[in-house]
Each structure stands twice: as structure tokens, then as C-alpha cells.
Amino acid sequence: MLLFIEQILNGLQLGITLFLMSAGLTLIFGIMRIINLAHGSFYMIGAYVAATVASYSGSFLLGLLAALPAAALTGMLVEMIVFRKLYQRDHLDQVLATFGLILFFNELTRIIWGRQPLFMDVPSWLSGTVELIPGAPYPAYRLAIIVVGIIVALSLYLLFTRTRLGMQIRAGAANREMIAALGVNIKLLNTLVFGLGTLLAGLAGVMAGPILAVEAGMGESILIMTFVVIVIGGIGSIRGAMIAALLVGLVDTLGRFLLPELLRLFLPAATADGAGISLASMSVYILMAAILIWRPRGLFPVQG
Amino acid sequence: MTDVLLQAKSLCKTFGAVQATNKVSLELRKGEIHALIGPNGAGKTTLIKQLSGEILADSGEIWFRGKNIASLPMHHRALLGIGRSFQITSVFDDLSVRENIALAVQAHQGHSFRFWKSVDDDKHLQHATSQALSQCGLEERAAEVASSLSHGEKRQLDVGMALAGNPDLLLLDEPMAGMGPGGTMKMTELIQGLKNQASILLIEHDMQAVFALADRITVLVYGEVLVTGTPDEIRNHPEVQSAYLGDRNPDAAA
Amino acid sequence: MAGLKSRSGILLLLAALFFVLLPPVSSMLGEEYLISFFSRILIYALAAVSLDLILGYGGMVSLGHAAFFGMGAYGVGFLAFHYQESTPFLFGIGGTTNALFSWPFAMFFSAILAAIIGALSLRTSGVYFIMITLAFAQMLYYLFISLEAYGGDDGLSLWSRNTLGPLDLSDDTVFYYVCMAALCAFLFLSWRLVHSRFGQVIRGIKENELRMQTLGYATWRYQLVCFIIAGAGAGLAGALMANQSEFVSPGLMHWTHSGEILVMVLLGGMGTLFGPVLGATVFLLMEDILAAYTEHWMVFLGPFLIIIVLFARRGLYGLIVKGEKDGD
């Protein structure tokens with residue numbers, strides 16, 4: 001039972017990471033209608049910068065503070081140099097160009113940091129455990145990720161519903177020409193939105209750093225799951241991203257934990273384990289397929 | 001009693017907070033040209049979309065040839081004999097005029113899961129295509145790429161494609177949009193020439209053309225049918241005059 | 001088809017001459033390894049042409065095409081494995097290394113997969129479609145990694161190449177010509193397909209799907225069939241690849257592999273059938289030559305790709321044969 005709770009929390013934590021990634025991506029797609037395969041690269045940049053600065057300075061926080069602007073600024077730079085020319089193009093062109101970006105960033109990372117993965121330590125002030133439920137200690141760091149995610153979700157909510165910038169972004173999603181006509185600087189808005197999206201990705205990367213290995217190509221594995229989340233949640237919807245992210249995080253984590261156990265009830269142990277692992281690795285995609293059959297545009301599609 | 005080809009009963013369609021179509025009932029008789037007029041935003045194109053199947057109505061029935069087609073997908077309705085042209089020209093820009101018409105013809109020549117024979121050598125297809133080309137008056141331009149056509153010729157092609165399948169019912173959405181007097185005349189003649197072949201539901205802003213062509217007119221305002229009647233009845237109807245003809249929109253083309 | 005005097009005709013002739021003469025010339029020059037290298041190019045050309053069918057003609061941007069390539073390879077791999085281990089494969093039937101059975105099986109395997117993935121993915125369009133094809137392909141990648149019985153991440157080795165009737169495929173030259181024959185056959189069939197009624201429908205759907213439906217076409221069905229045909233083609237390429245390297249691994253299905261095939265199609269010229277052959281050749285040659293200079297050559301490929309997308313969209317075939325009608 002305690003193990004089960006721990007797995008649920010892990011699922012939530014994965015879900016939060018996915019939420020940070022997909023919120024940024026769905027924002028970029030929803031507002032700018034641009035599909036960005038290279039979103040994972042900013043996750044990677046966040047992780048690498050944080051890992052490097054943290055190991056030199058000994059401070060996780062410094063790493064975080066360095067990584068966020070790094071991811072955001074790189075994002076805005078890329079937006080100005082590459083994406084501005086892609087807005088008018090069709091999806092295929094965007095896919096190909098952003099694929100080129102992935103190749104570039106991955107290799108650049110290997111050039112600068114080499115092929116060996118970097119390791120990031122959990123900050124000492126978060127290295128303990130917390131007993132949320134008596135008798136069930138849970139790593140404080142993972143709990144912190146969940147907390148950060150909730151804070152970010154709330155901040156985004158406030159940003160979009162209470163601030164002028166948020167209004168402009170939402171209006172821009174609904175009708176680009178109109179807000180340009182109203183005098184809003186579309187170019188600047190696009191760059192800022194892009195920067196916000198990549199900042200979120202960078203944040204996800206920093207937080208994932210101590211848990212996973214920091215290496216070139218780490219962006220792509222999370223990216224695929226991010227796509228699954230967005231497809232399930234509905235492109236352009238932050239609320240969809242939140243719900244879908246938690247759903248995917250839970251299904252993936254619980255699937256890996258439960259499926260082998262479940263199959264042992266019917267099959268011999270060795271087969272059950274093998275089949276269980278195979279099924280578990282496919283579980284989120286099966287979930288995606290099932291939801292698509294029911295709702296081809298995701299759970300909360302945004303109109304337009 | 002003249003034959004009724006199409007009967008829409010109480011169609012309703014809502015988009016979010018907007019009731020685009022509110023209990024619209026409409027009847028189209030065999031062989032007639034029935035015009036659908038109304039101010040911009042009245043929901044004329046939305047209605048056409050529901051009749052052709054591009055949008056599914058929220059409620060109501062559409063009876064065509066004795067069947068309720070309201071839940072049938074678009075391609076199915078097309079094969080039953082409903083053709084449609086578009087308000088904003090919708091053709092195959094990178095294909096030649098001939099290829100455009102050929103695709104329209106091909107749809108009615110059985111399934112297209114034929115992988116071997118070249119379309120150019122397909123006599124059955126090309127023969128019918130040539131006929132359809134002359135019907136819409138574009139034989140001279142057959143080899144041209146559609147994107148190189150003038151605006152008027154493109155509108156002609158758009159209508160020509162709807163015709164090529166020999167439909168019983170033609171839904172024409174502002175065929176004269178953006179055309180000058182010459183083009184308008186040509187299109188009017190084309191439509192008039194179709195009287196014996198198909199029944200036509202025509203959306204148009206060009207009032208001259210409407211009154212010249214229509215056997216009956218339905219006026220749509222804010223998603224509701226205001227009145228249906230002969231051109232004379234409509235011309236003299238006080239509510240129509242104030243709602244539409246009275247404050248005549250100088251910008252006739254959409 | 002444009003006559004031999006046209007640019008595309010000349011290009012085709014030159015290419016044909018080049019590929020036909022490659023083995024004897026390489027042997028003469030003592031550079032036998034080229035035969036094997038160009039076999040690989042022919043195989044990827046086949047995969048790229050199959051992708052062009054759905055991408056260049058059908059307008060379907062699939063980022064999961066490598067899955068079908070990989071499935072074809074594993075089709076051959078499974079059969080070879082069970083033959084090698086003398087264990088039954090499916091329904092009590094044993095394995096085989098006979099190409100006459102393995103290769104159609106591989107194509108069938110890929111086709112079935114394409115039918116399933118296509119049926120699910122084609123319910124959507126645009127960005128959703130792209131992401132979903134990507135997701136399904138990755139799903140298969142993870143699935144095959146988890147299949148410990150068949151090598152998992154380490155892959156599966158074949159003891160030898162398949163047997164194809166009287167032909168000895170272990171002879172690199174013979175194998176090369178078999179690959180070339182497969183490519184030519186698929187090119188020919190694709191060419192007929194593209195000019196047929198079916199081909200016109202697919203092209204129409206790419207241009208204007210709404211109009212096609214208005215005209216009376218059940219567009220989804222045609223797209224699915226096209227998708228399946230392309231999947232079978234990629235499956236054949238995969239089967240050949242399994243033979244070429246005598247090794248299969250899940251990496252064949254990784255989405256970045258799909259990306260590479262996509263680049264080949266773009267580089268060569270989408271919607272031209274022959275362009276992808278050119279693209280595969282140039283891409284793999286470039287990879288080989290650049291890799292000799294620096295192990296980080298990929299850092300140039302990225303920006304190069306971006307530049308092509310932005311400025312040379314028509315690809316090499318388009319640049320060479322500029323102004324001629326598409327689809328020849």
C-alpha cells in the first residue's frame with residue numbers, strides 16, 4: 001500500500017514535469033500555430049547549464065537561476081533567427097526545420113560538454129525525506145517538484161486571467177489579425193511567448209537533472225511523451241495539458257509498477273514480467289489511441 | 001403538386017453562444033432556381049454547409065429523394081446527387097483545369113481504387129471530362145494550371161466542378177462573388193442554361209441576377225427564415241425591404 | 001513521361017547508367033566496399049520513395065515511417081531467428097531464411113502495421129497527425145527494446161543473408177543488383193500508381209481535402225490505402241536492410257531515423273518519385289564524407305537542413321529539372 005502511494009506520487013511528479021513541457025509547447029502551438037520539434041532542446045539546455053553552474057558553484061539554486069534565463073534567451077534568439085521565417089510556412093517545413101535544430105543542438109552539446117552524461121546532485125537542503133503520510137517517507141526533492149509545478153500552474157492561471165499580457169496572449173490565440181490591428185506588437189508578443197515556453201521547458205530540465213542523466217538527446221524522450229500529452233489534452237489548451245499530463249504521468253508510472261504484478265496472476269512469472277514491461281512501455285500510447293478513438297481532437301480542444 | 005426535391009425541416013445550429021441557424025425550414029422544387037438572400041452574417045453559408053454535409057446540424061431533418069440525409073457524411077451526399085460550389089474559390093490550384101474537372105467526373109465513375117491505368121489514357125474518363133469542360137465553357141483553358149486562371153475563370157471552374165457530377169441538386173454559394181459585369185452575365189447565362197438539368201439553390205448578393213434568375217426566393221435574417229415567395233412577393237414585402245433591400249449594402253461582393 | 005531529351009530524362013539515364021555500372025567499375029578500381037555502400041543507398045532510396053508517396057503526393061507528414069522500415073527488418077529477423085534456433089514462430093510454423101517467403105512476409109507485416117497505425121492516425125489531421133505517427137513509431141521502438149527474447153536493445157544477428165532462389169545473396173554484387181531491381185520495380189509501380197485514378201485522388205486530397213469530399217470522395221479510405229502501400233514499400237526496404245547488415249535492432253525504428261528518411265525526401269525533391277533516390281544518395285554520401293573529417297559533422301547538418309527548408313524547398317531534383325511538370 002505504501003509502495004502504491006509512493007508510485008502515485010512519482011506519477012504526479014512525472015506528470016508535473018510533463019505539464020511544464022507541454023504547457024510551453026501547447027502555448028507556442030496554440031498562439032503561433034507553429035509545431036516545434038526542438039522544444040526538448042530547451043529542456044536539455046536548462047539541464048546542462050544548471051548542471052554545469054551547480055557543479056562549479058556548488059549551489060543548485062545558482063544553477064537554476066542561470067539555467068532559466070539561458071533557456072529563455074536561447075529560445076528567444078532561435079525565435080528571431082529561425083521561427084520568424086517559419087510562421088508562414090506549412091507544418092512540414094516547420095517539422096523539418098525544427099528537426100534540423102534538434103540535430104544542431106544535440107551535436108553542439110556533445111561538442112561543448114562531450115559525450116559523457118553529466119550528473120547533478122540533489123541540493124542538500126532537499127535531500128531528505130518527508131513523511132506526508134506517517135510511515136511513508138517520500139523524497140523531499142520529488143515533493144518539491146510537485147510543489148513547484150503547482151505554483152507554476154497557479155502562476156500561469158493568474159497570468160492568463162489577471163494580467164494585461166495574459167489577455168493579449170489569449171486574444172492573440174483567438175485572433176491574430178485583430179490584436180495586431182489593435183496596436184499590439186505581434187512580433188514582440190511572439191518572442192515573449194516563445195521565451196516563456198522555453199523557460200518552462202528549461203525549468204523542467206533543471207528539475208529533472210538530479211533524477212535523470214543529463215545527456216544529449218534527453219530532450220527527445222521527454223518530447224515524445226509531451227506530444228502524447230498535448231494530443232490527449234487538446235492542442236492550445238493549458239487546462240488540457242495539466243489534466244493530460246497528470247493522467248499520462250500516472251498511467252506510465254503506475255503501469256510500470258502494476259502491470260507485471262497484474263500479469264503474474266495469469267501468466268508464469270518470467271513471461272508476466274517480460275510482457276508486463278513491454279505493455280507498460282506502450283501503455284501511454286495505448287491510452288492516447290483509446291482517447292483519440294473517442295475524441296479525435298483531444299479532451300479539451302480549443303476552437304479555431 | 002410539383003415535386004419537392006429537397007426539404008429541410010427545422011434545422012438548428014449553434015456555435016458556442018451564437019445561434020447560427022434557428023429552426024430553418026426550406027423547400028426546393030424540382031427544376032426551380034431558388035435564391036437564398038439575406039444580409040451578411042444571416043447564416044446563408046452555414047445553411048449551405050449543413051445541406052452539403054460540411055457541418056452537421058444540431059437538430060432537424062433534411063429530406064432528399066425520400067431519405068433523411070441529415071446525418072450522412074459529405075461525400076455520401078455528393079454521390080446521391082448534391083453538388084456544391086464555394087463562396088471562396090476552392091479548386092485544385094496546382095492541377096490543370098482538365099485535371100480539376102476530371103477529378104469531379106471521376107468521383108461519379110465508381111470507386112477510384114484503380115492503380116495501374118494512366119488517367120491520360122482513360123478514355124471513359126477523358127470523354128466525360130471533355131463534355132463537362134464544354135458544359136462550363138472552359139475547353140479553351142483546359143491545359144492551363146488552375147492557379148493561372150483569372151478570378152472569373154476560377155469561379156467558372158468552381159461551378160464547373162460542381163456540375164461535372166451531373167447533380168440533381170446544385171448548391172451555389174455566391175457564384176458571382178468578385179466578378180465584373182461581363183463575368184456576371186456569363187455566369188447568369190450558365191446558371192440559366194442549367195434549368196432543365198438540375199434544381200438550384202443559389203446564394204447571391206447581386207440582386208439583379210437574383211431577380212433575373214430566381215423562381216422563388218427565401219430571405220434569411222439572423223439565422224431565421226423571414227419569408228419565402230416569388231420575386232414579386234419578395235420585392236414588395238415591407239419587412240424584406242427594411243431588413244435587406246432598404247439599406248442596400250454597396251459592397252455586394254463578399 | 002517526358003522524353004529522353006528532357007532534363008529529367010537525361011538525369012534518369014545518367015543515374016541508371018551510374019547504378020548499373022557501379023559494381024563492375026568498383027571492382028576494376030579495387031574499391032569493392034563501394035558495392036556494399038551503394039547497396040545501402042539503394043535500400044534507403046527505396047524507403048525514401050515509399051515515404052514520398054505519402055508525403056510528396058499524399059501530403060501526409062508522417063514522422064513514423066521508420067517504424068515500417070524496422071518492422072520489415074524484424075520480419076526477416078524473426079523468421080531467421082526461429083530458423084537459427086529451430087524453434088517455432090507463429091502457430092507452430094518454424095522460421096525460414098528463404099527470401100521468397102521472408103520478404104513478402106516482411107512487407108505484409110509492415111502493411112498490417114501501417115493499416116492499424118494509419119486507421120488510428122488518419123482520424124486526425126495537421127499537427128495531430130504528425131505527433132501521433134511519431135508517438136506510435138516510438139511506441140514500437142520501446143516495445144522492441146523490451147523484447148528480450150529477440151535481443152532487446154542489443155538487437156538480433158542473422159547468421160547469413162536470405163536465399164533467393166538460385167541467387168547467392170552473400171555475394172555483394174548479386175545482392176546489390178537485387179536491391180537495384182527492387183528499387184526499380186517499386187519506382188515503376190509507384191510511377192503507374194501516381195498517374196492512375198488512385199494517384200489523382202491522392203494528389204487531389206493533398207491539395208484540397210474539403211473539395212474532394214464535396215466532390216464525393218471518402219478521402220480517409222484513399223489516404224489509408226496509400227499509407228499501407230507506402231508502409232509495405234518501407235517494409236521491403238527493411239527486409240533488404242536486415243540482409244545487408246545481417247543485423248536488426250530497435251534503433252531502426254527510432255523517430256530520428258524517420259527524420260533522416262524525411263530529410264532524404266526533402267533534399268532530393270518531394271513529389272517527384274525520383275528525387276528521393278537522389279536525396280538518399282547525396283545524404284548518405286555526405287554523411288560518409290563529412291564523418292571522415294569530423295565526428296561532429298551533424299552540427300552542420302542541422303543548419304544545412306534549415307537552409308534547404310527555407311531557401312531550396314524543391315530539393316535537388318527540383319533545382320536540376322526546374323520548370324518541368326511535377327510528378328514525372
# chains A, B, ... in the order shown; residues from 1 in each chain; ligands from 1
>>> select_by_dssp(residues="segment 84-227 of chain A", states="helix (DSSP H, G or I)", output="ChimeraX atom specification")
/A:84-85,91-113,124-126,140-162,164-174,176-181,186-208,218-227
>>> residues_around(residues="segment 200-211 of chain C", least_positions_apart="2", cutoff="7 Å", atoms="only C-alpha atoms", output="PyMOL selection string")
(chain B and resi 90+92) or (chain C and resi 57-59+194-198+213-215+219+222-223)
>>> write_last_selection(atoms="N, CA and C atoms", output="PDB file, in the first residue's frame")
ATOM      1  N   SER B  90     -12.623  27.295 -54.379  1.00  0.00           N
ATOM      2  CA  SER B  90     -11.947  26.142 -53.827  1.00  0.00           C
ATOM      3  C   SER B  90     -11.694  25.126 -54.935  1.00  0.00           C
ATOM      4  N   PHE B  92      -8.329  22.983 -57.310  1.00  0.00           N
ATOM      5  CA  PHE B  92      -7.014  22.382 -57.114  1.00  0.00           C
ATOM      6  C   PHE B  92      -6.004  23.235 -57.867  1.00  0.00           C
TER       7      PHE B  92
ATOM      8  N   TYR C  57       3.164  13.143 -52.450  1.00  0.00           N
ATOM      9  CA  TYR C  57       1.932  13.050 -53.235  1.00  0.00           C
ATOM     10  C   TYR C  57       0.703  13.120 -52.371  1.00  0.00           C
ATOM     11  N   GLY C  58       0.759  12.509 -51.206  1.00  0.00           N
ATOM     12  CA  GLY C  58      -0.417  12.455 -50.361  1.00  0.00           C
ATOM     13  C   GLY C  58      -0.511  13.583 -49.356  1.00  0.00           C
ATOM     14  N   GLY C  59       0.593  14.310 -49.185  1.00  0.00           N
ATOM     15  CA  GLY C  59       0.570  15.412 -48.238  1.00  0.00           C
ATOM     16  C   GLY C  59       0.475  14.990 -46.789  1.00  0.00           C
ATOM     17  N   VAL C 194       0.924   6.732 -59.336  1.00  0.00           N
ATOM     18  CA  VAL C 194       0.773   8.173 -59.245  1.00  0.00           C
ATOM     19  C   VAL C 194       0.006   8.757 -60.427  1.00  0.00           C
ATOM     20  N   HIS C 195       0.069   8.081 -61.565  1.00  0.00           N
ATOM     21  CA  HIS C 195      -0.638   8.582 -62.743  1.00  0.00           C
ATOM     22  C   HIS C 195      -2.001   7.951 -62.940  1.00  0.00           C
ATOM     23  N   SER C 196      -2.358   7.039 -62.056  1.00  0.00           N
ATOM     24  CA  SER C 196      -3.633   6.345 -62.178  1.00  0.00           C
ATOM     25  C   SER C 196      -4.742   7.166 -61.535  1.00  0.00           C
ATOM     26  N   ARG C 197      -5.940   6.621 -61.584  1.00  0.00           N
ATOM     27  CA  ARG C 197      -7.071   7.302 -60.937  1.00  0.00           C
ATOM     28  C   ARG C 197      -6.793   7.481 -59.453  1.00  0.00           C
ATOM     29  N   PHE C 198      -6.245   6.431 -58.861  1.00  0.00           N
ATOM     30  CA  PHE C 198      -5.935   6.477 -57.438  1.00  0.00           C
ATOM     31  C   PHE C 198      -4.960   7.611 -57.153  1.00  0.00           C
ATOM     32  N   GLN C 213     -13.961  15.851 -50.686  1.00  0.00           N
ATOM     33  CA  GLN C 213     -15.119  15.265 -50.010  1.00  0.00           C
ATOM     34  C   GLN C 213     -16.403  15.799 -50.614  1.00  0.00           C
ATOM     35  N   THR C 214     -16.389  17.092 -50.944  1.00  0.00           N
ATOM     36  CA  THR C 214     -17.566  17.690 -51.565  1.00  0.00           C
ATOM     37  C   THR C 214     -17.854  17.054 -52.914  1.00  0.00           C
ATOM     38  N   LEU C 215     -16.791  16.622 -53.583  1.00  0.00           N
ATOM     39  CA  LEU C 215     -16.979  16.001 -54.893  1.00  0.00           C
ATOM     40  C   LEU C 215     -17.492  14.574 -54.784  1.00  0.00           C
ATOM     41  N   THR C 219     -12.348  10.444 -48.518  1.00  0.00           N
ATOM     42  CA  THR C 219     -10.910  10.693 -48.548  1.00  0.00           C
ATOM     43  C   THR C 219     -10.112   9.817 -47.609  1.00  0.00           C
ATOM     44  N   TYR C 222      -8.885   6.466 -49.096  1.00  0.00           N
ATOM     45  CA  TYR C 222      -7.792   6.555 -50.061  1.00  0.00           C
ATOM     46  C   TYR C 222      -6.473   6.846 -49.374  1.00  0.00           C
ATOM     47  N   GLN C 223      -6.531   7.714 -48.373  1.00  0.00           N
ATOM     48  CA  GLN C 223      -5.303   8.017 -47.646  1.00  0.00           C
ATOM     49  C   GLN C 223      -4.778   6.774 -46.941  1.00  0.00           C
TER      50      GLN C 223
END
>>> residues_around(residues="Ile291 of chain A", least_positions_apart="2", cutoff="12 Å", atoms="only C-alpha atoms", output="list in words")
Val228, Val229, Ile230, Val231, Ile232, Gly233, Gly234, Ala244, Leu247, Val248, Val284, Tyr285, Ile286, Leu287, Met288, Ala289, Ile293, Trp294, Arg295, Pro296, Arg297, Gly298, Leu299 and Phe300 of chain A; Leu120, Ser121, Arg123 and Ile132 of chain C
>>> interface_residues(of="chain A", to="chain C", cutoff="8 Å", atoms="only C-alpha atoms", output="ChimeraX atom specification")
/A:35,85,91-93,96-108,111,224-225,227-228,231,274,277-279,281-282,285,289,292-293,296-297
>>> residues_around(residues="Leu11 of chain C", least_positions_apart="5", cutoff="9 Å", atoms="only C-alpha atoms", output="PyMOL selection string")
chain C and resi 6+16+320-321
>>> residues_around(residues="Pro166 of chain C", least_positions_apart="3", cutoff="12 Å", atoms="only C-alpha atoms", output="MDAnalysis selection string")
chainID C and resid 98:100 162:163 169:170 174
